[in-house]
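Structure file target_25.txt with compact mmCIF, C-alpha atoms and all ligand atoms:
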```
# COMPACT_ATOMS: atom_id res chain seq x y z
CA LEU H 1 5.13 -14.49 -5.56
CA ASN H 2 6.01 -17.59 -3.64
CA HIS H 3 9.66 -16.71 -4.20
CA LEU H 4 9.12 -13.72 -1.90
CA GLY H 5 8.95 -15.92 1.16
CA PRO H 6 6.14 -17.32 3.23
CA GLN H 7 2.65 -15.88 2.94
CA THR H 8 1.78 -15.37 6.59
CA SER H 9 -1.61 -13.80 6.13
CA SER H 10 -3.81 -16.65 5.07
CA VAL H 11 -6.79 -17.39 7.26
CA GLY H 12 -6.97 -20.41 9.52
CA GLY H 13 -3.61 -21.68 8.35
CA ILE H 14 -5.05 -22.60 4.96
CA GLU H 15 -2.29 -22.35 2.38
CA ARG H 16 -3.26 -22.99 -1.20
CA GLN H 17 -1.15 -23.09 -4.30
CA PHE H 18 -2.18 -20.74 -7.08
CA THR H 19 -0.02 -21.31 -10.07
CA SER H 20 -0.88 -22.02 -13.66
CA ALA H 21 -4.65 -21.67 -13.18
CA ALA H 22 -4.34 -18.00 -12.31
CA ALA H 23 -1.73 -17.34 -14.98
CA SER H 24 -4.04 -18.61 -17.68
CA SER H 25 -6.92 -16.42 -16.50
CA ASN H 26 -7.30 -12.82 -17.46
CA VAL H 27 -5.70 -10.81 -14.67
CA LYS H 28 -4.34 -7.44 -15.71
CA VAL H 29 -2.47 -5.41 -13.09
CA ALA H 30 -1.63 -1.77 -13.76
CA VAL H 31 1.19 0.05 -11.98
CA LEU H 32 0.88 3.85 -12.18
CA GLY H 33 4.25 5.50 -11.56
CA ALA H 34 5.99 2.38 -12.88
CA ALA H 35 9.26 4.07 -13.85
CA GLY H 36 9.91 5.44 -10.35
CA GLY H 37 11.94 4.32 -7.38
CA ILE H 38 9.15 2.05 -6.13
CA GLY H 39 7.55 1.40 -9.50
CA GLN H 40 10.57 -0.31 -11.09
CA PRO H 41 11.35 -2.91 -8.41
CA LEU H 42 7.61 -3.42 -7.89
CA ALA H 43 7.16 -4.11 -11.59
CA LEU H 44 10.12 -6.50 -11.45
CA LEU H 45 8.60 -8.47 -8.58
CA LEU H 46 5.17 -8.53 -10.23
CA LYS H 47 6.72 -9.77 -13.49
CA GLY H 48 7.60 -12.92 -11.55
CA SER H 49 4.03 -13.52 -10.42
CA PRO H 50 2.11 -16.48 -11.82
CA LEU H 51 -1.09 -14.73 -10.71
CA ILE H 52 -0.81 -12.04 -13.39
CA SER H 53 -1.50 -12.39 -17.11
CA GLU H 54 -0.74 -8.78 -18.12
CA LEU H 55 1.45 -6.25 -16.35
CA SER H 56 0.54 -2.76 -17.53
CA LEU H 57 3.17 -0.13 -16.78
CA TYR H 58 2.25 3.54 -16.84
CA ASP H 59 4.27 6.67 -16.08
CA ILE H 60 4.62 10.17 -17.45
CA VAL H 61 8.21 9.44 -18.46
CA GLY H 62 10.54 6.48 -18.93
CA THR H 63 8.02 3.65 -19.11
CA GLU H 64 9.16 2.35 -22.50
CA GLY H 65 12.64 1.46 -21.25
CA VAL H 66 11.42 -0.21 -18.08
CA GLY H 67 8.89 -2.21 -20.08
CA ALA H 68 11.40 -3.30 -22.75
CA ASP H 69 13.82 -4.40 -20.05
CA LEU H 70 11.27 -6.41 -18.06
CA SER H 71 9.72 -7.94 -21.16
CA HIS H 72 12.86 -10.08 -21.70
CA ILE H 73 12.31 -12.00 -18.47
CA ASP H 74 11.03 -15.50 -19.18
CA SER H 75 7.95 -15.40 -16.97
CA SER H 76 4.31 -15.47 -18.02
CA PRO H 77 2.97 -11.95 -17.44
CA LYS H 78 2.87 -9.99 -20.69
CA VAL H 79 4.38 -6.54 -20.20
CA SER H 80 2.83 -3.47 -21.81
CA SER H 81 4.12 0.10 -21.39
CA TYR H 82 2.26 3.38 -21.62
CA THR H 83 3.55 6.93 -21.34
CA GLY H 84 1.62 10.15 -20.79
CA ALA H 85 -2.02 10.99 -20.16
CA GLU H 86 -3.13 10.11 -23.70
CA GLU H 87 -2.05 6.50 -23.15
CA LEU H 88 -3.57 6.19 -19.67
CA PRO H 89 -6.96 4.86 -20.84
CA GLU H 90 -5.29 1.95 -22.63
CA ALA H 91 -3.04 1.31 -19.63
CA LEU H 92 -6.06 0.99 -17.36
CA TYR H 93 -8.62 -0.69 -19.56
CA GLY H 94 -9.51 -4.19 -18.28
CA SER H 95 -7.38 -3.96 -15.11
CA SER H 96 -8.42 -6.04 -12.10
CA LEU H 97 -5.97 -4.26 -9.79
CA VAL H 98 -4.37 -0.83 -10.04
CA VAL H 99 -1.38 -0.09 -7.81
CA ILE H 100 -0.41 3.58 -7.47
CA PRO H 101 3.11 4.59 -6.43
CA ALA H 102 3.01 7.79 -8.56
CA GLY H 103 4.14 11.02 -6.95
CA VAL H 104 7.06 12.73 -5.27
CA PRO H 105 8.90 11.26 -2.27
CA ARG H 106 10.13 13.09 0.85
CA LYS H 107 13.48 14.74 1.36
CA PRO H 108 15.08 15.09 4.81
CA GLY H 109 13.18 17.55 7.01
CA MET H 110 9.85 17.05 5.24
CA THR H 111 6.72 15.39 6.60
CA ARG H 112 4.55 13.20 4.39
CA ASP H 113 1.95 15.94 4.51
CA ASP H 114 4.45 18.30 2.84
CA LEU H 115 3.93 16.14 -0.29
CA PHE H 116 0.20 16.90 -0.34
CA ASN H 117 0.38 19.89 -2.70
CA ILE H 118 1.91 17.84 -5.51
CA ASN H 119 0.63 14.32 -4.87
CA ALA H 120 -3.01 15.16 -4.14
CA GLY H 121 -3.54 16.37 -7.71
CA ILE H 122 -1.64 13.40 -9.18
CA VAL H 123 -3.76 10.86 -7.27
CA ARG H 124 -6.98 12.76 -8.03
CA ASP H 125 -6.30 12.80 -11.78
CA LEU H 126 -5.29 9.13 -11.90
CA CYS H 127 -8.46 8.19 -10.00
CA VAL H 128 -10.63 10.20 -12.41
CA ALA H 129 -9.23 7.99 -15.17
CA ILE H 130 -9.66 4.78 -13.13
CA ALA H 131 -13.34 5.66 -12.60
CA LYS H 132 -13.72 5.97 -16.37
CA TYR H 133 -11.64 3.11 -17.73
CA CYS H 134 -11.61 0.38 -15.04
CA PRO H 135 -14.31 1.33 -12.52
CA ASP H 136 -14.48 -2.18 -11.04
CA ALA H 137 -10.76 -2.52 -10.35
CA TRP H 138 -9.30 -2.85 -6.89
CA VAL H 139 -7.17 0.24 -6.20
CA ALA H 140 -4.13 0.09 -3.92
CA ILE H 141 -2.66 3.49 -3.07
CA ILE H 142 0.97 3.93 -2.05
CA SER H 143 1.41 7.64 -2.88
CA ASN H 144 1.83 9.83 0.19
CA PRO H 145 0.33 11.24 2.27
CA VAL H 146 -1.67 7.98 2.31
CA ASN H 147 -3.82 9.33 5.18
CA SER H 148 -5.15 11.93 2.69
CA THR H 149 -4.68 10.34 -0.74
CA VAL H 150 -7.06 7.45 0.05
CA PRO H 151 -9.88 9.86 1.07
CA ILE H 152 -9.09 11.82 -2.13
CA ALA H 153 -9.57 8.67 -4.21
CA ALA H 154 -12.82 7.91 -2.37
CA GLU H 155 -14.22 11.36 -3.11
CA VAL H 156 -13.27 11.14 -6.78
CA PHE H 157 -14.97 7.75 -7.09
CA LYS H 158 -18.06 9.02 -5.24
CA LYS H 159 -18.36 11.92 -7.66
CA ALA H 160 -18.04 9.52 -10.58
CA GLY H 161 -20.61 7.15 -9.06
CA THR H 162 -18.16 4.23 -9.03
CA TYR H 163 -17.10 4.18 -5.37
CA ASN H 164 -16.79 0.77 -3.76
CA PRO H 165 -15.15 1.25 -0.34
CA ARG H 166 -14.33 -2.46 -0.20
CA LYS H 167 -11.99 -2.15 -3.17
CA LEU H 168 -10.09 0.99 -2.17
CA LEU H 169 -7.04 0.15 -0.07
CA GLY H 170 -4.28 2.35 1.31
CA VAL H 171 -1.08 0.32 1.42
CA THR H 172 0.29 0.22 4.99
CA LYS H 173 1.99 -3.13 4.63
CA LEU H 174 5.47 -1.61 4.93
CA ASP H 175 4.57 -0.61 8.51
CA VAL H 176 3.76 -4.26 9.21
CA LEU H 177 7.03 -5.47 7.66
CA ARG H 178 8.96 -2.98 9.77
CA ALA H 179 7.09 -3.92 12.95
CA ASN H 180 7.72 -7.61 12.27
CA THR H 181 11.43 -6.96 11.64
CA PHE H 182 12.16 -4.71 14.62
CA VAL H 183 10.09 -6.71 17.11
CA ALA H 184 11.53 -10.03 15.94
CA GLN H 185 15.05 -8.63 16.40
CA ALA H 186 14.15 -7.48 19.92
CA ILE H 187 12.72 -10.80 21.09
CA GLY H 188 15.10 -13.02 19.13
CA VAL H 189 12.80 -14.87 16.72
CA PRO H 190 13.11 -15.13 12.92
CA PRO H 191 11.27 -12.17 11.31
CA GLU H 192 9.37 -14.58 9.05
CA ARG H 193 7.60 -15.96 12.11
CA MET H 194 6.59 -12.58 13.51
CA SER H 195 3.18 -11.04 12.92
CA VAL H 196 2.45 -7.62 14.41
CA PRO H 197 -0.83 -5.87 13.55
CA VAL H 198 -0.36 -2.18 12.73
CA ILE H 199 -3.45 0.02 12.73
CA GLY H 200 -4.37 3.71 12.44
CA GLY H 201 -2.78 5.49 9.51
CA HIS H 202 0.52 5.86 7.70
CA ALA H 203 2.38 8.87 9.13
CA GLY H 204 4.27 9.36 12.41
CA VAL H 205 2.03 9.02 15.45
CA THR H 206 -0.89 7.78 13.35
CA ILE H 207 1.05 4.52 12.86
CA LEU H 208 -0.05 2.33 15.78
CA PRO H 209 1.64 -1.06 16.16
CA LEU H 210 -0.20 -3.43 18.52
CA LEU H 211 2.65 -5.31 20.16
CA SER H 212 0.23 -6.75 22.72
CA GLN H 213 -1.58 -8.61 19.91
CA ALA H 214 1.53 -9.87 18.13
CA THR H 215 2.32 -13.50 17.53
CA PRO H 216 4.48 -14.98 18.87
CA ARG H 217 3.79 -13.24 22.19
CA VAL H 218 5.95 -10.17 22.84
CA ASP H 219 7.01 -10.04 26.47
CA VAL H 220 9.08 -6.86 26.80
CA SER H 221 9.23 -4.04 29.34
CA PRO H 222 6.99 -0.99 28.83
CA GLU H 223 10.15 1.02 28.02
CA THR H 224 11.18 -1.42 25.29
CA ALA H 225 7.64 -1.49 23.90
CA LYS H 226 7.63 2.31 23.77
CA ALA H 227 11.03 2.42 22.05
CA LEU H 228 9.96 -0.21 19.49
CA THR H 229 6.71 1.64 18.82
CA GLU H 230 8.57 4.88 18.21
CA ARG H 231 11.07 3.22 15.89
CA ILE H 232 8.22 1.74 13.84
CA GLN H 233 6.50 5.14 13.70
CA ASP H 234 9.72 6.87 12.58
CA ALA H 235 11.02 4.13 10.28
CA GLY H 236 10.14 6.00 7.07
CA THR H 237 12.11 9.00 8.34
CA GLU H 238 15.03 6.70 9.22
CA VAL H 239 15.25 5.74 5.51
CA VAL H 240 14.70 9.32 4.27
CA LYS H 241 17.64 10.47 6.45
CA ALA H 242 19.87 7.58 5.35
CA LYS H 243 19.15 8.32 1.67
CA ALA H 244 20.15 11.94 2.35
CA GLY H 245 18.07 13.70 -0.30
CA LYS H 246 17.79 10.79 -2.74
CA GLY H 247 14.21 9.92 -1.76
CA SER H 248 12.51 7.53 0.64
CA ALA H 249 11.98 3.78 0.98
CA THR H 250 11.72 2.16 -2.45
CA LEU H 251 13.00 -1.43 -2.22
CA SER H 252 11.29 -2.41 1.03
CA MET H 253 8.18 -0.63 -0.23
CA ALA H 254 8.26 -2.49 -3.54
CA TYR H 255 8.57 -5.77 -1.63
CA ALA H 256 5.67 -4.80 0.65
CA ALA H 257 3.53 -3.71 -2.30
CA ALA H 258 4.27 -6.88 -4.25
CA LYS H 259 3.23 -9.01 -1.29
CA PHE H 260 0.13 -6.86 -0.84
CA ALA H 261 -0.75 -7.13 -4.54
CA GLU H 262 -0.31 -10.89 -4.30
CA SER H 263 -2.77 -10.96 -1.37
CA CYS H 264 -5.29 -8.94 -3.40
CA LEU H 265 -4.97 -11.32 -6.36
CA ARG H 266 -5.28 -14.42 -4.21
CA ALA H 267 -8.37 -12.89 -2.57
CA LEU H 268 -9.79 -12.10 -6.01
CA ALA H 269 -9.31 -15.77 -6.87
CA GLY H 270 -11.44 -16.68 -3.86
CA GLU H 271 -8.92 -17.27 -1.10
CA PRO H 272 -9.62 -15.58 2.26
CA ILE H 273 -6.60 -13.45 3.19
CA VAL H 274 -6.01 -11.18 6.15
CA GLU H 275 -3.97 -8.01 5.64
CA CYS H 276 -3.62 -4.68 7.40
CA ALA H 277 -4.80 -1.83 5.15
CA TYR H 278 -6.03 1.75 5.43
CA VAL H 279 -9.66 1.69 4.39
CA GLU H 280 -13.00 3.40 4.88
CA SER H 281 -14.06 1.93 8.19
CA HIS H 282 -16.65 1.99 10.96
CA LEU H 283 -14.43 0.39 13.59
CA THR H 284 -13.71 3.79 15.17
CA ASP H 285 -15.30 7.21 14.83
CA LEU H 286 -12.70 8.09 12.18
CA PRO H 287 -14.02 7.63 8.62
CA PHE H 288 -10.79 5.98 7.42
CA PHE H 289 -8.68 3.71 9.57
CA ALA H 290 -6.06 1.04 9.02
CA SER H 291 -6.88 -2.28 10.62
CA ARG H 292 -6.73 -5.94 9.88
CA VAL H 293 -9.24 -6.76 7.16
CA ARG H 294 -10.23 -10.03 5.56
CA LEU H 295 -10.03 -9.81 1.79
CA GLY H 296 -12.11 -12.00 -0.51
CA ARG H 297 -13.51 -11.92 -4.03
CA ASN H 298 -15.41 -8.70 -3.33
CA GLY H 299 -12.57 -6.81 -1.71
CA VAL H 300 -12.77 -6.18 2.06
CA GLU H 301 -15.27 -8.74 3.32
CA GLU H 302 -14.68 -8.32 7.04
CA TYR H 303 -13.20 -5.61 9.25
CA LEU H 304 -11.49 -7.49 12.06
CA PRO H 305 -12.09 -6.09 15.55
CA LEU H 306 -9.32 -3.88 16.95
CA GLY H 307 -9.03 -6.07 20.04
CA ARG H 308 -7.97 -5.00 23.50
CA PHE H 309 -5.30 -2.27 23.80
CA ASN H 310 -2.74 -2.13 26.61
CA GLU H 311 -2.06 1.17 28.38
CA LEU H 312 0.54 2.43 25.87
CA GLU H 313 -1.61 1.46 22.88
CA ALA H 314 -4.71 3.10 24.38
CA ALA H 315 -2.76 6.34 24.90
CA ASN H 316 -1.33 6.17 21.37
CA PHE H 317 -4.80 5.52 19.95
CA GLU H 318 -6.12 8.71 21.60
CA ALA H 319 -3.03 10.61 20.42
CA LEU H 320 -3.45 9.74 16.74
CA LYS H 321 -7.08 10.78 16.35
CA GLY H 322 -6.60 14.53 15.87
CA GLU H 323 -3.92 14.24 13.19
CA LEU H 324 -5.65 11.45 11.31
CA ARG H 325 -9.00 13.24 11.32
CA GLY H 326 -7.31 16.41 10.00
CA SER H 327 -5.53 14.52 7.20
CA ILE H 328 -8.76 12.83 6.12
CA LYS H 329 -10.63 16.13 6.07
CA LYS H 330 -7.84 17.76 4.07
CA GLY H 331 -8.18 15.06 1.40
CA VAL H 332 -11.97 15.25 1.27
CA ASP H 333 -11.93 19.06 1.08
CA PHE H 334 -9.31 19.00 -1.69
CA VAL H 335 -11.61 17.14 -4.05
CA ASN H 336 -14.71 19.05 -3.13
CA LYS H 337 -13.05 22.45 -3.57
CA THR H 338 -11.34 21.69 -6.90
P1 LIG Z 1 9.87 8.48 -7.44
O1 LIG Z 1 9.96 9.95 -7.64
O2 LIG Z 1 11.12 7.68 -7.52
O3 LIG Z 1 8.84 7.85 -8.48
C1 LIG Z 1 7.57 8.40 -8.67
C2 LIG Z 1 7.17 8.14 -10.09
O4 LIG Z 1 5.88 8.70 -10.27
C3 LIG Z 1 8.10 8.80 -11.13
O5 LIG Z 1 8.52 7.85 -12.08
C4 LIG Z 1 7.23 9.86 -11.76
O6 LIG Z 1 7.51 10.08 -13.15
C5 LIG Z 1 5.86 9.25 -11.58
N1 LIG Z 1 4.76 10.21 -11.71
C6 LIG Z 1 4.70 11.49 -11.35
N2 LIG Z 1 3.53 12.02 -11.72
C7 LIG Z 1 2.82 11.04 -12.31
C8 LIG Z 1 1.55 10.95 -12.91
N3 LIG Z 1 0.74 12.01 -12.95
N4 LIG Z 1 1.16 9.77 -13.43
C9 LIG Z 1 1.97 8.69 -13.37
N5 LIG Z 1 3.19 8.72 -12.84
C10 LIG Z 1 3.62 9.87 -12.31
O7 LIG Z 1 9.15 8.25 -6.01
P2 LIG Z 1 9.05 6.89 -5.18
O8 LIG Z 1 10.22 6.77 -4.28
O9 LIG Z 1 8.74 5.79 -6.11
O10 LIG Z 1 7.78 7.21 -4.25
C11 LIG Z 1 6.51 7.36 -4.82
C12 LIG Z 1 5.49 7.70 -3.73
O11 LIG Z 1 5.32 6.61 -2.82
C13 LIG Z 1 5.86 8.91 -2.88
O12 LIG Z 1 4.71 9.71 -2.69
C14 LIG Z 1 6.28 8.29 -1.56
O13 LIG Z 1 6.12 9.15 -0.47
C15 LIG Z 1 5.33 7.12 -1.49
N6 LIG Z 1 5.74 6.05 -0.57
C16 LIG Z 1 4.75 5.44 0.17
C17 LIG Z 1 5.05 4.40 1.01
C18 LIG Z 1 3.97 3.72 1.81
O14 LIG Z 1 4.28 2.99 2.74
N7 LIG Z 1 2.71 3.86 1.47
C19 LIG Z 1 6.38 3.96 1.13
C20 LIG Z 1 7.36 4.57 0.36
C21 LIG Z 1 7.03 5.64 -0.48
C1 LIG Z 2 7.68 5.22 4.29
O1 LIG Z 2 7.05 4.96 5.32
O2 LIG Z 2 8.83 4.78 4.08
C2 LIG Z 2 7.02 6.06 3.26
O3 LIG Z 2 5.81 6.58 3.70
C3 LIG Z 2 7.93 7.10 2.69
C4 LIG Z 2 8.24 8.20 3.66
O4 LIG Z 2 8.13 9.36 3.27
O5 LIG Z 2 8.64 7.93 4.78
```

Encoded form using structure tokens:
Amino acid sequence: LNHLGPQTSSVGGIERQFTSAAASSNVKVAVLGAAGGIGQPLALLLKGSPLISELSLYDIVGTEGVGADLSHIDSSPKVSSYTGAEELPEALYGSSLVVIPAGVPRKPGMTRDDLFNINAGIVRDLCVAIAKYCPDAWVAIISNPVNSTVPIAAEVFKKAGTYNPRKLLGVTKLDVLRANTFVAQAIGVPPERMSVPVIGGHAGVTILPLLSQATPRVDVSPETAKALTERIQDAGTEVVKAKAGKGSATLSMAYAAAKFAESCLRALAGEPIVECAYVESHLTDLPFFASRVRLGRNGVEEYLPLGRFNELEAANFEALKGELRGSIKKGVDFVNKT
């Protein structure tokens, strides 16, 4: 996805070109929820990727049309479309990476946790199938509430005996894009040059941008840092309000997910890549935590240290623990009670 702009997450400044070599290899990527608001633009961006040989689109409705449309684009990935549970095994079989944006989005006034009742079951059932039909695939979860859906996936995989915590990733990249954008605007640098780590989780106060560890250096007043932090934490709600009942972020999310998928595929091809992601983690006393991780052939190969927090970040870190712990427990309990 070189057309998506610079890849800022490579390690040690090493940039490598992956073009025809990857396209000729056997890399199948499945998108579950491919006919949705995120799924369609995500599939479009992935169709342009030279890293993919087959793009497998799955949804419970509407996949055929999306697949027919995309299949006319003159790029290498072969497009296949699958609709309904009976076609899910075929959609998944042989996948190296499964990206999941399936599920309902928020409407104004809702929290991400309000989506739990519907999306928890959707993610659980999709993960049961992943464990059966592509147990070695990397799984990138977008469906909200991410703070709970990733623990749900982990429990499903544990029950099936296929769990590899290094290959289960909650997608928090949109938080990083937003942090880069808002902070760059505030300090007057091009957003492409900005890199702000965002840790914690993916809902309200659990989203913790680390402005003190950003590059280039962010020299703003504590008041400005607080205002920027709050805007990043509330950015999803900003879009939900602006869309006024027509859903949540789809285009920026598709862009973030396409970049994240590209990082996973480059890592799978042996390139060390650093991304922020919500993963099972021992960096804190919370069982799941978003942090910077180094991805390699085997998934997460290193959990980068959280680094030193400033006063605001330390307070925000303490403030997120209760909510994040509760969301994780809710996900774990959901699988073990059903
Ligand atoms: P959408 O309603 O436009 O699309 C969801 C798609 O999922 C639909 O096409 C629907 O048919 C499909 N679907 C429903 N049940 C399914 C199942 N069992 N199997 C396969 N597909 C199924 O919603 P959207 O705007 O694309 O958002 C999808 C999810 O992504 C929401 O939960 C939203 O909150 C979440 N989201 C997460 C982030 C993030 O940063 N992680 C950002 C934006 C949105
Ligand atoms: C986002 O951050 O945009 C997503 O999690 C969608 C939402 O509900 O805000």

Legend entry - Residue contacts of segment 31-35 of chain H (8 Å, all atoms listed in the file) excluding same-chain residues fewer than 5 positions away, as a PyMOL selection string: chain H and resi 40+42-43+55-63+66+98-103

Inset, instruction - Enumerate residues in contact with ligand LIG 1 (chain Z): an atom-to-atom distance of at most 8 Å, counting only C-alpha atoms and all ligand atoms. Format the result as a count of residues only. - result: 48

Inset, instruction - Give the answer as one residue: which of H:Arg266, H:Pro191, H:Lys241, H:Ser212 has the shortest atom-to-atom distance to Gly307 of chain H, using all atoms listed in the file? - result: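 Closest to Gly307 of chain H of all the choices is H:Ser212.
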
Coordinates of box centre and edge lengths for ligand LIG 2 (chain Z), 5 Å on every side, axis-aligned, as JSON:
```
{"center_x": 7.3, "center_y": 7.1, "center_z": 4.0, "size_x": 13.0, "size_y": 14.6, "size_z": 12.6}
```

Legend entry - Selected residue, from H:Ala242, H:Ala319, H:Leu306, H:Ala258, that lies nearest to ligand LIG 2 (chain Z) when counting only C-alpha atoms and all ligand atoms: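 Ranked by minimum distance to ligand LIG 2 (chain Z), first place goes to H:Ala242.
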
Inset, instruction - Determine the nearest neighbour of ligand LIG 2 (chain Z) from the options H:Ile118, H:Ile207, H:Leu169, H:Ala314, counting all atoms listed in the file. - result: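 Answer, going by the shortest atom-to-atom distance: H:Ile207.
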
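Comparing H:Ala315, H:Met194, H:Met110, H:Leu324 by their smallest distance to ligand LIG 2 (chain Z), the closest is H:Met110 (using all atoms listed in the file).
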
Legend entry - Counting all atoms listed in the file, the residue of H:Ala30, H:Leu70, H:Ile52, H:Leu46 that sits nearest Tyr82 of chain H: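 Residue with the minimum atom-to-atom distance to Tyr82 of chain H: H:Ala30.
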
Inset, instruction - Would you please work out which residue, of H:Ala184, H:Val239, H:Val196, H:Val176, is nearest to ligand LIG 2 (chain Z) when using only C-alpha atoms and all ligand atoms? - result: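 Between H:Ala184, H:Val239, H:Val196, H:Val176, the residue approaching ligand LIG 2 (chain Z) most closely is H:Val239.
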
Inset, instruction - Mind giving me the straight-line distance from atom CA of Ala160 of chain H to atom CA of Ala137 of chain H in Å, one decimal? - result: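 Going from atom CA of Ala160 of chain H over to atom CA of Ala137 of chain H, I get 14.1 Å.
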
Inset, instruction - Quick one: pull the distance between atom CA of Phe317 of chain H and atom CA of Glu262 of chain H, Å, one decimal. - result: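 So the answer is 29.6 Å.
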